Structure formats: C-alpha cells, structure tokens
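Next comes protein.cif, a file with mmCIF, C-alpha atoms.
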```cif
data_structure
loop_
_atom_site.label_atom_id
_atom_site.label_comp_id
_atom_site.auth_asym_id
_atom_site.auth_seq_id
_atom_site.Cartn_x
_atom_site.Cartn_y
_atom_site.Cartn_z
CA MET A 55 96.12 138.97 82.83
CA PRO A 56 99.62 139.89 84.11
CA GLY A 57 100.12 139.62 87.86
CA PHE A 58 96.90 137.66 88.40
CA PRO A 59 97.39 134.35 90.26
CA ASP A 60 97.29 131.08 88.42
CA LYS A 61 93.75 129.65 88.01
CA LYS A 62 94.73 126.52 89.97
CA LEU A 63 95.97 128.62 92.90
CA VAL A 64 92.64 130.48 92.97
CA GLN A 65 90.79 127.13 93.02
CA ILE A 66 92.97 125.81 95.84
CA LEU A 67 92.49 128.94 97.92
CA ALA A 68 88.74 128.95 97.23
CA PHE A 69 88.51 125.50 98.84
CA ALA A 70 91.22 125.80 101.49
CA VAL A 71 90.68 129.23 103.04
CA PRO A 72 87.01 128.71 104.08
CA VAL A 73 87.91 125.32 105.58
CA LEU A 74 90.83 126.81 107.49
CA VAL A 75 88.70 129.66 108.83
CA ALA A 76 85.77 127.37 109.74
CA ASP A 77 88.06 124.99 111.61
CA GLN A 78 89.74 127.73 113.61
CA VAL A 79 86.37 129.33 114.45
CA THR A 80 84.82 126.01 115.55
CA LYS A 81 87.81 125.31 117.78
CA ARG A 82 87.52 128.73 119.39
CA VAL A 83 83.77 128.29 119.99
CA ALA A 84 84.19 124.69 121.16
CA ILE A 85 86.39 125.81 124.05
CA GLN A 86 83.35 127.60 125.52
CA TYR A 87 80.86 124.71 125.18
CA PHE A 88 82.67 121.36 124.98
CA PRO A 89 85.53 119.58 126.67
CA VAL A 90 88.55 120.12 124.45
CA ALA A 91 91.42 117.64 124.27
CA CYS A 92 94.90 118.92 123.53
CA ASN A 93 96.50 116.33 121.24
CA SER A 94 100.25 116.81 121.21
CA GLY A 95 100.81 113.44 119.51
CA GLY A 96 99.98 112.27 116.04
CA PRO A 97 96.70 111.40 114.35
CA PHE A 98 94.44 108.87 116.08
CA GLY A 99 96.35 109.44 119.32
CA LEU A 100 99.57 107.91 117.97
CA ASP A 101 102.50 108.88 120.14
CA PHE A 102 105.13 110.62 118.02
CA LYS A 103 106.28 114.18 117.40
CA PRO A 104 104.29 115.13 114.31
CA LEU A 105 105.50 118.69 113.61
CA VAL A 106 108.21 117.69 111.13
CA VAL A 107 106.01 114.97 109.62
CA SER A 108 103.19 117.53 109.19
CA VAL A 109 105.41 120.01 107.39
CA LEU A 110 106.90 117.34 105.10
CA THR A 111 103.44 115.94 104.32
CA LEU A 112 102.10 119.39 103.44
CA LEU A 113 105.10 119.99 101.17
CA LEU A 114 104.45 116.65 99.47
CA PHE A 115 100.79 117.49 98.84
CA GLY A 116 101.80 120.96 97.64
CA TYR A 117 104.05 119.28 95.09
CA LEU A 118 101.33 116.78 94.07
CA ILE A 119 98.72 119.48 93.61
CA GLY A 120 101.11 121.53 91.49
CA ALA A 121 101.47 118.64 89.05
CA GLU A 122 97.77 117.72 89.05
CA SER A 123 95.26 118.60 86.33
CA ARG A 124 92.20 116.59 87.43
CA LYS A 125 89.72 118.95 89.13
CA LEU A 126 88.36 116.39 91.57
CA ARG A 127 91.86 115.45 92.70
CA ILE A 128 92.80 119.14 93.05
CA PHE A 129 89.71 119.54 95.25
CA GLY A 130 90.74 116.53 97.38
CA TYR A 131 94.32 117.75 97.74
CA SER A 132 93.01 121.21 98.67
CA LEU A 133 90.95 119.70 101.48
CA ILE A 134 93.95 117.71 102.72
CA ILE A 135 96.15 120.80 102.68
CA ALA A 136 93.49 122.96 104.40
CA GLY A 137 92.99 120.47 107.23
CA GLY A 138 96.71 119.93 107.58
CA VAL A 139 97.52 123.64 107.67
CA SER A 140 94.82 124.33 110.26
CA ASN A 141 96.11 121.57 112.53
CA LEU A 142 99.69 122.73 111.93
CA LEU A 143 98.66 126.24 113.03
CA ASP A 144 97.31 124.72 116.24
CA ARG A 145 100.60 122.93 116.85
CA LEU A 146 102.61 126.11 116.26
CA ILE A 147 100.34 128.41 118.32
CA TYR A 148 99.09 126.12 121.11
CA GLY A 149 101.65 123.31 121.09
CA CYS A 150 98.92 120.77 120.31
CA VAL A 151 95.88 120.17 118.10
CA ARG A 152 92.60 121.09 119.78
CA ASP A 153 90.13 118.22 119.39
CA PHE A 154 86.54 118.42 120.61
CA ILE A 155 84.28 116.09 118.59
CA SER A 156 83.79 112.82 120.44
CA LEU A 157 81.44 110.24 118.95
CA THR A 158 82.23 107.18 121.04
CA ARG A 159 84.71 106.09 123.66
CA VAL A 160 86.35 103.81 121.11
CA PHE A 161 86.85 106.36 118.30
CA PRO A 162 89.45 109.09 118.93
CA THR A 163 88.34 112.67 119.57
CA PHE A 164 88.78 114.84 116.47
CA ASN A 165 88.03 118.28 114.99
CA LEU A 166 86.65 119.76 111.78
CA ALA A 167 90.13 119.86 110.17
CA ASP A 168 90.54 116.12 110.79
CA PHE A 169 87.15 115.45 109.19
CA ILE A 170 87.96 117.64 106.16
CA LEU A 171 91.40 116.08 105.79
CA THR A 172 89.87 112.59 105.86
CA LEU A 173 87.23 113.68 103.35
CA GLY A 174 90.03 114.95 101.08
CA VAL A 175 91.79 111.58 101.26
CA LEU A 176 88.52 109.81 100.35
CA VAL A 177 87.97 112.19 97.40
CA VAL A 178 91.49 111.51 96.08
CA LEU A 179 91.05 107.75 96.51
CA TYR A 180 87.67 107.86 94.78
CA ASP A 181 89.12 109.83 91.88
CA ALA A 182 92.09 107.46 91.61
CA LEU A 183 89.80 104.41 91.53
CA LYS A 184 87.40 106.09 89.11
CA SER A 185 90.16 107.11 86.72
CA ARG A 186 91.68 103.64 86.93
CA THR A 187 88.41 101.91 85.97
CA VAL A 188 87.74 104.39 83.14
CA THR A 189 91.11 103.75 81.51
CA LYS A 190 90.76 99.94 81.56
#
```
Show me, as structure tokens, the structure contained in the file I just sent.
Amino acid sequence: MPGFPDKKLVQILAFAVPVLVADQVTKRVAIQYFPVACNSGGPFGLDFKPLVVSVLTLLLFGYLIGAESRKLRIFGYSLIIAGGVSNLLDRLIYGCVRDFISLTRVFPTFNLADFILTLGVLVVLYDALKSRTVTK
C-alpha cells in the first residue's frame, strides 16, 4: 500500500510508544507520591555528561534495528530505544532523569524506562545466545 509505513516501523512504534507514554505518566504521578531523584549523571549514578552519549547510543540502536530481521531482537531493540528516548526527553525537558523506584540502599534509584531498557538488553542477549546455540 503506497504511503503506508514499513511493517518494521509499525512494530517498533507498537512496542515503543506505549512504553514511552507509560514511563512519562509514571514519572508525573510519582512526583506526587514518592521522593523523586533528579539524576543529571549517567546510568547507575556514574558521573559523566550523558546527553551526547544518549543521542549517539540511540542512533546506533536505530541503525541496528534497521538492519535486523529477527522479531525477538527487533522487540528488544524497540524496548531499548523506548527507554532511551523517554530518559532523553527527561534530560532535554528537566535537565535530568527523574528516578523514583528505590529497592535498597545499595541499588541505585531507577524508573520504568530504566527497567524497560534493561529488559530490552536482556531480550537481545537472550536472542543472541539462542541464535548462537541453534546455529552450532
């Protein structure tokens, strides 16, 4: 059908948009009920300026997803991109990522986007290991 988006783009958006919306909504609600940390550094509290790194990483995953045909890996990359874009929006709008989920004093405070991004990495790793063992 002329003018209709590529099937892969529809799949990516079907995974990414709900995650992006859910993360932004939970952050907005969390401000009313939980202490919210403003993380202006990198992931896991690392102290560096992550804006440029975030943009370059998202571009890299955009490239990887464009070349990918495996559905599970596309799903994983979509989760990584959704979490990354939502946290990037925080950095652009608020100057920091709003974190509010705190499990222990040892583990860093995080948000839904961080969880989804980590889940995406695990899905990609699982698919990579699975495809490697199948081909041997």
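For the residues A:Leu112, A:Ala182, A:Ala76, A:Cys92, ranking by smallest atom-to-atom distance to Asp153 (chain A) using only C-alpha atoms places A:Cys92 first.
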Fill in the blank from the handout: As a check of understanding: the span from CA of Gly116 (chain A) to CA of Lys184 (chain A) is 22.4 Å
Problem - Residues within 10 Å of (87.4, 118.1, 102.0), file coords, all atoms listed in the file, listed as a PyMOL selection string - result: chain A and resi 69-70+73+129-137+166-178
Handout entry: Å distance separating CA of Thr163 (chain A) from CA of Ala91 (chain A), one decimal place
Key =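 Straight-line distance from CA of Thr163 (chain A) to CA of Ala91 (chain A) works out to 7.5 Å.
Closest to Asn165 (chain A) among A:Asp181, A:Asp144, A:Asp77, A:Glu122 is A:Asp77, based on only C-alpha atoms.
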Practice task
Taking the point (88.6, 116.1, 122.5) as given in the file, collect each protein or nucleic acid residue that comes within 12 Å of it, counting only C-alpha atoms, and present the set as a PyMOL selection string.
Solution key: chain A and resi 81+84-85+87-94+98-99+150-159+161-166+168
Practice task
Have a look at A:Ile128, A:Leu113, A:Leu74, A:Val106 and name the one nearest to Lys62 (chain A); count only C-alpha atoms.
Solution key: A:Ile128
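Computed from the coordinates, the CA of Val75 (chain A) to CA of Thr111 (chain A) distance equals 20.6 Å.
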Exercise for the section: Between A:Phe115, A:Tyr180, A:Ala68, A:Val109, single out the one closest to Arg145 (chain A), counting all atoms listed in the file. Expected result: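 Between A:Phe115, A:Tyr180, A:Ala68, A:Val109, the residue approaching Arg145 (chain A) most closely is A:Val109.
Remark: for Tyr148 (chain A), the closest of the candidate residues A:Arg127, A:Arg82, A:Lys61, A:Leu183 is A:Arg82 (distances computed over only C-alpha atoms).
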